[in-house]
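So the structure is just underneath, and the comments pick up after that.
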Amino acid sequence: MRLKFEKRAEPSRFMLYATPVGAVLLTMLVGAIIFTAIGYNGFGAVYQVFIAPLALSYKWGDIAVKASPLILIGVGLAVGNRAAIWNIGAEGQYIVGALAGTGIGILTKDMHGPWILPLMLVAGMVGGAAWGAVPALLRNRFNVNEVLSSLMLTYVAVHLMNQLVTGPWKDPMGFSFPQTALITADQMLPILVPGTYVHLGIVITLIIAVALWFLMSRSLMGFQVRVVGSAPSAARHGGFSQKQTVWLVFLLSGALAGLAGIFEVTGPFQQMSLGFPQNYGFTAIIVAFLGRLNPLGVILAGIVLAITYVGGDLAQSVLQLPNASKGIFQALMLFFLLASDILIRYRVRLVGAPAPAAVPARSPAE
Amino acid sequence: MTDTPPRLSLRGITKRFPGVLANDDVSFSVRPGEIHALLGENGAGKSTLVKMIYGIMQPDAGEIFWNGERVVIQNPRAARKLGIGMVFQHFSLFEALTVLENIALGMDAKIPQRELEGRIRKVMQQYGLTLDPRRVVADLSVGERQRIEIVRALLLDPTLLIMDEPTSVLTPQEVDQLFVVLRQLASEGCSILYISHKLHEIKALCETATILRAGRLVDTCDPRVETSRSMAEKMIGGNLKDIQKPAGRSFGREKLVVTELSVPAAGHFGVPLQNISFRVHAGEIFGVAGVAGNGQTALLLALSGETTTPDAQAIRIDNAGIGRLDAKARRLKGLASVPEERNGHAAVPDFTLSDNSVLTGRDRLKLAISGIIRPGAARKYTGEVISTFSVKATGTEATAGSLSGGNLQKYIMGREILQRPEVLVVSQPTWGVDAGAAAAIHQALVDLAAAGSAIVIISQDLDELLQLCDTLAVINGGRLSRAMKVSEADINEIGLLMGGIHGEGGQAAAPAVPAGLGAEATSAA
C-alpha cells in the first residue's frame, strides 16, 4: 500500500476552502510541538498566539486595528496575484503612501478644514501608486522581473523614510527623536469606538474589500485580471492587454498599500518614526494567499493574521517567548497552505484500493 | 496461421482509469509481416492499447503473447528487447543536435559514433531513406524528422513496428515514400501496427483493420474490401452524415482582403510571414494548406489581431483597414478566430464554459454591459452552444479543462459560429476530433459560409481542405502560394508546393497520387 496523488476531473471546491482552515490547525499543532521541543510551554504559546486574543474582549479593538492594514494591502495583492503579477513591494508602497500623506500633513499643519484629511488620504494613495508604477513601467518597457524590482524598491522606500524623519521632517519640538510632529486634530481619522483605536479607516477597508470582491467576480476588469493570470495566450486571444493589466495591478495594489500607510499615520500612529514599518506589506502576502485570493477570504485571513500579531505580543509578555515567534507561526501557516494546495486538484488514494466509480465520461485515453 | 504463432496476440486486455474504461476485454492478433490497422475515434482507446504493448502502461487484466509465448512487458526497454519498435506521433528530438547525436541519445546500448553512423547509413540505404546523419535537426522538415524516428526504430531490427498517426504531418509525396518503406518492411517479415484515422490510407496500406469504439473491439475487417464510409460508420457506431454543400454556390463581394502582409518572426524558431496576399469573398471558404511549422500560427495570430501590423491596410474587412486593431476591436468589426491550441489559447481551462463565452463574445453578444458581466446572458448563450453543437459537458458551469479535446473543440467552434461573424478564421478545426464531431463542425462551417460569411481554414489535413474549400493556397516558409480553385486543383502540384524548399519530394520521380486521395476525400472524415 502506498499513497498516490490522482488528478481530479474538476478542482475541488471543498478543498479550496478547507485547506486554509487545515493550514491554520496544522500550524497550531506543529507550532506547539516546535516550541515544546525547544523548551517553552508549546501549548501555552499556541494558546497565547491564537486563542487568548479572541478570549480577551478588550483585545478585539487591537485585532481590528491590526487587521485593517493587512486586509487593505491583502486585497490589492490578491488582485495582482490572480493575474500572476507579483507585487512583493507592498511594504515600500505602504511606506511611500504614508510619507506622501504625511507630507501633506506637514504642509497643512497650521490650516483647518474638513478637506485636509481626505487630501492626505488621496496623497497616500497617489504615493503608493507612484511607487507601484515603477516596477510596472520597468516590466512593461524593459521586461524587468517585477518580483525583484518591487522588492528592492521597498528598501529604497525605507531609506527614503529614514532620511526624511531624521532630517527635514524631524519634529522641531521632538528633542531630536527621529520622528515627525504629531498630526493635528483635523488630520486624525475619527475614532468609532471610544476608548479604542478603532478608526474610520477600518470601515473604509471593509467597504473596499467588498467592492473589490464584486469587481473581481462580476466585472470585466476582474475577468481580465483572472484571464491574464490563468492563461495569458487566451487573454490575448480575447483582446485583453497584458501590459494594461500590469499597470492596473500595480497602480491598484500600490494605491491600496499607500492608503493603508496613511491610515496608520492618521489613525493609531499619529506620526511617522523609524519604527513605522510593521512588515504589514510582507505579512499581507500571506493574508492574500490564506484568503484564497478572494477579497472576502482576505478579510477573514487578515483577522487571523492580526490575531497572531496581537497574540505574539501577549506570548512575549506572558510566556517570555521571543518576538520572532509570531514570524515562525506566520511562516508555518503559509508553508502548510501552499503545500496543501495540491489537494484542490489532486486526491490522495491508497494504491491497491478499488478505483472509485467517479465522474462521468472524461477520457484520459488519448 | 496454424503453423506459425502470431507475432503479437492480445487476450482480454482491460485497462481502467478513474471514471472510464479505456480498454475493455480487447483481443486480437497480428501475424508476422502483416500491416495491421488500429482504427477508432478519439478516446476509443487506441493510444492506451499501444502504450501497453510498448510497456509504457500495464494492463489491469488480460494477457499479451509474443510469438506464442506469454510475456509481461514491464517498460519500453523490455519492449525494444523483444523487438517492438514504436514511432510516436510527437517526436522527441533535440533541435540543436544533429541527426546522429539524436539517434545516439535514444539508443539503449552505447555504440561508438562511427559504427553507429555506418549502421544508420546501411539502414537508410536498405530502405531508400535519404537523410544526412550530420545535419542539425532544426533545419529539417517534419517528414525528415519522422525519418529519424523511423531509422531509430529500425536500427533495433524490430519485428513489430508501431506507428501512431504517422502521416498527419506529411505531404502526399512523403506519405507515398513512407508507404514504400512500410511495405518493404512488411515483405521482410516485420509486422506493422498502424494507427490512423485516415481511412483511405488504411485502405491503401493495410490487410487487416481492428476497430475500437469506447474501449471495446467492435469489428475486425479487411480494409481492402471495405469502403472508407463503412469503416467510419463502424468507428462511430452509426450513420455518417454527408456534408450538405449547396450546389452552384455563388460568392458575394470581397469580405476579407489581405495585401502584402509581412510579420517578423516571433522568437528563435518562429517563422516570419512574407508578402502574404489573398482575398476571400462573402460565402467563400478559403483554405490554407501546408505542413506544420511553415507560418500557420503566425498567420492566424496576424489575422485574429493577436499580433498587429503597422500597415492598417494590409488587412481589410469590407474595405476598412484593420491591420492595427487588436483582437477585441477586430471582433467588433466582425472577424472571429479559432486558434489551433484549444487549452490555454482558444479557451481558459480553469474557467467555466460560461466564462469562456465571455472571453470572446462579450462585445458582440452584449454579455457584458458597461464593464459588468451578465452571468445569466452568458449561461444562456453557452447553453445554446452546448445544445446546438451537442457538446458533452456537465453543464454551462463545467470548466473548459474538464471537457475532452473533441468536445472542447465543438464548444469553441460553436461559440464563434453562433456569433455569426462576417469573417471566421480557424486553424485546425477538427484536429483530434472524432469523425462524428468533425462532420458536425464541417457542416457548421459550410452553413456559415452559405449564410454569407467569409471563412479561412488553416489546416494540415489536406483531405479536409479539399472537401470543404472553394479556393486553396499553400503556405510554405512563411510565403503563401497563388490561390487555386479546388475544383481545378492538381493534387500533385499542391503536394510539391507543400514540400517547398525542403522538398526532396520535388525531386522524387513524381509519385502517383495516393490511391483514392481525391475520390475518397468527400465521403470520409
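Residue numbers start at 1 in each chain; chains themselves are named A, B, ... in the order of the C-alpha cells; ligands are numbered from 1 in the order shown.
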I'd like a table as JSON lines: residues in segment 190-269 of chain B with an atom no more than 9 Å from segment 426-440 of chain B, each row giving the shortest atom pair and its distance in Å to one decimal, only C-alpha atoms counted, sorted by chain and rising residue number.
```
{"residue": "B:His197", "atom": "CA", "partner": "B:Ala435", "partner_atom": "CA", "distance": 8.5}
{"residue": "B:Ala232", "atom": "CA", "partner": "B:Ala435", "partner_atom": "CA", "distance": 7.2}
{"residue": "B:Glu233", "atom": "CA", "partner": "B:Ala435", "partner_atom": "CA", "distance": 8.8}
{"residue": "B:Met235", "atom": "CA", "partner": "B:Ala435", "partner_atom": "CA", "distance": 8.1}
{"residue": "B:Ile236", "atom": "CA", "partner": "B:Gly436", "partner_atom": "CA", "distance": 6.6}
{"residue": "B:Gly238", "atom": "CA", "partner": "B:Gly436", "partner_atom": "CA", "distance": 8.9}
{"residue": "B:Asn239", "atom": "CA", "partner": "B:Gly436", "partner_atom": "CA", "distance": 9.0}
{"residue": "B:Leu240", "atom": "CA", "partner": "B:Gly436", "partner_atom": "CA", "distance": 6.9}
{"residue": "B:Lys241", "atom": "CA", "partner": "B:Ala439", "partner_atom": "CA", "distance": 7.0}
{"residue": "B:Asp242", "atom": "CA", "partner": "B:Ala439", "partner_atom": "CA", "distance": 7.7}
{"residue": "B:Ile243", "atom": "CA", "partner": "B:Ala439", "partner_atom": "CA", "distance": 7.0}
```
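Within 7 Å of chain A, counting only C-alpha atoms, chain B contributes Pro18, Gly19, Val20, Ala22, Asn42, Gly43, Gly45, Ser47, Thr48, Glu306, Asp326, Ala327, Lys328, Gly344, His345, Ala346, Ala347, Val348, Leu359, Thr360, Gly371, Ile372, Ile373, Ser402, Leu403 and Ser404 of chain B.
One distance worth recording is that between atom CA of Met152 of chain A and atom CA of Ser253 of chain A, which is 16.6 Å.
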Check: Just how far from atom CA of Gln409 of chain B is atom CA of Thr382 of chain B, in Å to one decimal?
Finding: 13.7 Å
Checklist line | Secondary structure check, helix (DSSP H, G or I) residues of segment 32-243 of chain A, as a PyMOL selection string | finding: chain A and resi 32-37+42-55+57-82+90-107+116-142+146-166+185-187+200-218+220-230+232-237+242-243
